[in-house]
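This report concerns only the one structure given below.
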Amino acid sequence: MLKEIQETIDYLRKNGFGNPAIGIILGTGLSKLVTLIDIKSIIDYKDIPNFKEATVDFHYGKLIYGYLEGKPVVVMNGRYHYYEGYNLQEITFPIRVMKMLGIHTLLVSNACGAVNPSYAPASLMILDDHINMLPGNPLIGANHSKLGPRFVDMSQPYDAGLIKKMEDIAARSNIKVNKGVYVAWTGPSLETRAEYRFIKIMGADVVGMSTVPEVIVANHMGIKVAAVSAITDLCDPDNLKPIDIDEVLNNASKAEKDLVRLFIELIKEI
């Protein structure tokens, strides 16, 4: 893995990537932040050594280096998911590359469904904790001490200081946010009524198909993490309707305005 990371970094350096301070992952329907970046270099995942190709229609699959609010950033415009057939090490490989490029902070966004009935579609949730229901952990296997410790503390996977900053930003910007627990589900099939009941019982507020592997690896490498979910639909097992992907994307788009504002203001303070 160390050899592959270095090979990827060498390629990115030769193609205009400098020393980013902040990494950003843009989830489903959440790509408008890109329009605000002073882009210096942009490369398709498929052209980057050791990266995989993004196969989901609404994930652009491009790695971007540039400046946002005067801060050097590296941005994944689209991510990988377990349901695409990639293993957890492949999914999280870009996080390791971003760390070696220079990031100290990772901002993560995702689209998800809410099992907490008090959450409204098109609203935001700041992640305070998560539950990993994917079949494995990206740290399983040989540990490279240059990347991080064998056993990683996960008592605070999302940085408390960054959470406080986001809550303060939301309060003064009149952005409605919740704070709660995200559970990662395998997908790509949506959950059944019984599964939604189970998810509520286990203590999660929202369910999605990403984020947790990247956050585990970020913690392994000593990167501060902040994550925000855009609520695309309500998952009430007693009133469950067939999924409408257009409605999901529309709600993600509505939430995106507040998400971009939240991230922009947070970047100013980092």
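Residues in the structure tokens are numbered from 1 in each chain, the chains being A, B, ... in the order shown, and ligands are numbered from 1 in the order shown.
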
### Query
Out of region 4-208 of chain A, which residues get helix (DSSP H, G or I) from DSSP, as a PyMOL selection string?
chain A and resi 4-14+32-36+45-47+82-84+88-101+160-173+193-202

Expected file contents, prior selection, C-alpha atoms, as a compact mmCIF listing (two decimals), in the first residue's frame:
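So the final result, stored in result21.txt, reads:
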```txt
# COMPACT_ATOMS: atom_id res chain seq x y z
CA GLU A 4 0.89 2.55 -4.27
CA ILE A 5 0.28 5.69 -2.21
CA GLN A 6 3.64 7.12 -3.24
CA GLU A 7 3.01 6.26 -6.89
CA THR A 8 -0.31 8.10 -6.76
CA ILE A 9 1.17 11.13 -5.00
CA ASP A 10 4.00 11.36 -7.55
CA TYR A 11 1.44 11.39 -10.37
CA LEU A 12 -0.70 14.07 -8.70
CA ARG A 13 2.33 16.26 -7.98
CA LYS A 14 3.33 16.08 -11.64
CA LYS A 32 -22.22 22.65 -6.28
CA LEU A 33 -19.38 23.51 -3.90
CA VAL A 34 -17.06 22.82 -6.84
CA THR A 35 -18.29 25.97 -8.60
CA LEU A 36 -16.79 28.07 -5.80
CA TYR A 45 -10.38 9.07 -11.08
CA LYS A 46 -9.91 6.61 -13.94
CA ASP A 47 -6.72 8.42 -14.95
CA TYR A 82 -19.17 -0.83 -1.05
CA TYR A 83 -22.14 -1.69 -3.27
CA GLU A 84 -20.10 -0.82 -6.37
CA LEU A 88 -13.09 -1.20 1.99
CA GLN A 89 -9.38 -0.64 1.40
CA GLU A 90 -10.05 0.49 -2.18
CA ILE A 91 -12.87 2.76 -1.01
CA THR A 92 -10.62 4.50 1.52
CA PHE A 93 -7.40 4.64 -0.50
CA PRO A 94 -8.04 8.29 -1.55
CA ILE A 95 -8.17 9.33 2.13
CA ARG A 96 -4.67 7.99 2.65
CA VAL A 97 -3.47 9.84 -0.44
CA MET A 98 -5.05 13.09 0.73
CA LYS A 99 -3.33 12.78 4.11
CA MET A 100 0.04 12.18 2.47
CA LEU A 101 -0.57 15.20 0.23
CA ALA A 160 -15.83 17.99 18.89
CA GLY A 161 -14.25 21.36 18.09
CA LEU A 162 -15.40 21.25 14.47
CA ILE A 163 -18.89 20.19 15.54
CA LYS A 164 -19.08 23.18 17.90
CA LYS A 165 -17.95 25.53 15.12
CA MET A 166 -20.64 24.16 12.78
CA GLU A 167 -23.34 24.51 15.41
CA ASP A 168 -22.31 28.11 16.05
CA ILE A 169 -22.23 28.85 12.31
CA ALA A 170 -25.68 27.30 11.85
CA ALA A 171 -27.12 29.31 14.74
CA ARG A 172 -25.90 32.68 13.48
CA SER A 173 -26.71 31.84 9.85
CA ARG A 193 -39.66 -1.89 6.91
CA ALA A 194 -38.23 -4.38 9.38
CA GLU A 195 -34.71 -3.11 8.74
CA TYR A 196 -35.78 0.49 9.39
CA ARG A 197 -37.30 -0.63 12.70
CA PHE A 198 -34.03 -2.38 13.55
CA ILE A 199 -32.03 0.73 12.66
CA LYS A 200 -34.18 2.83 14.99
CA ILE A 201 -33.76 0.31 17.80
CA MET A 202 -29.96 0.32 17.42
```

### Task
May I have all residues of region 52-184 of chain A that DSSP, computed from the backbone, assigns to strand (DSSP E), given as number ranges by chain?
A: 62-68, 71-77, 105-114, 124-132, 177-184

### Message
List the spatial neighbours of Asp44 (chain A) as a PyMOL selection string - criterion: any atom at most 7 Å away, only C-alpha atoms, same-chain residues fewer than 3 positions off excluded.
### Response
chain A and resi 47-48+61-63

Selection export as a tab-separated table (two decimals), in the first residue's frame, atoms kept: N, CA and C atoms:
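Written file, selection.tsv:
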```tsv
chain	number	residue	atom	x	y	z
A	47	ASP	N	-8.06	8.10	-14.44
A	47	ASP	CA	-6.72	8.42	-14.95
A	47	ASP	C	-5.66	8.46	-13.86
A	48	ILE	N	-6.07	8.32	-12.62
A	48	ILE	CA	-5.14	8.40	-11.49
A	48	ILE	C	-4.67	7.00	-11.11
A	61	GLY	N	-16.76	11.59	-10.19
A	61	GLY	CA	-15.52	10.85	-10.26
A	61	GLY	C	-14.33	11.68	-10.68
A	62	LYS	N	-14.17	12.85	-10.04
A	62	LYS	CA	-13.04	13.72	-10.36
A	62	LYS	C	-12.36	14.18	-9.07
A	63	LEU	N	-11.03	14.22	-9.10
A	63	LEU	CA	-10.25	14.74	-7.98
A	63	LEU	C	-9.80	16.15	-8.35
```

For Glu247 (chain A), please output as a compact mmCIF listing (two decimals) with N, CA and C atoms, in the first residue's frame all residues within 10 Å (counting only C-alpha atoms; exclusion window: fewer than 5 positions along the same chain).
```txt
# COMPACT_ATOMS: atom_id res chain seq x y z
N PRO A 121 -37.24 16.32 5.48
CA PRO A 121 -36.52 16.21 4.21
C PRO A 121 -35.93 17.55 3.80
N THR A 232 -32.61 13.26 2.60
CA THR A 232 -33.32 13.23 1.32
C THR A 232 -34.73 12.68 1.41
N ASP A 233 -35.01 11.88 2.45
CA ASP A 233 -36.33 11.29 2.59
C ASP A 233 -36.52 10.78 4.01
N ALA A 252 -31.93 16.57 -1.90
CA ALA A 252 -30.48 16.78 -1.72
C ALA A 252 -30.10 18.15 -2.26
N SER A 253 -30.67 18.53 -3.40
CA SER A 253 -30.38 19.82 -4.00
C SER A 253 -30.85 20.97 -3.11
```

### Query
Which residues come within 7 Å of region 216-227 of chain A, counting only C-alpha atoms, excluding same-chain residues fewer than 6 positions away, as a list in words?
Thr92, Ile95, His104, Thr105, Leu106, Leu107, Val108, Ser109, Ile126, Leu127, Pro138, Leu147, Gly148, Pro149, Val152, Pro157, Tyr158, Asp159, Leu162 and Ile163 of chain A

### Counting only C-alpha atoms, the option among A:Leu249, A:Ile270, A:Ala120, A:Ile25 closest to Met76 (chain A)
A:Ile25

### Message
I want to know what sits within 6 Å of Gly208 (chain A), based on only C-alpha atoms, with residues of the same chain fewer than 4 positions away left out; could you give that as a ChimeraX atom specification?
### Response
/A:112,184-185

Write out, as a PDB file, in the first residue's frame, the residues just selected, with C-alpha atoms.
```pdb
ATOM      1  CA  CYS A 112     -29.200   9.792   3.569  1.00  0.00           C
ATOM      2  CA  ALA A 184     -23.754   2.731   7.196  1.00  0.00           C
ATOM      3  CA  TRP A 185     -25.791   0.117   5.305  1.00  0.00           C
TER       4      TRP A 185
END
```

### Task
Give me, please, the distance in Å between CA of Ile24 (chain A) and CA of Pro117 (chain A), quoted to one decimal.
28.9 Å
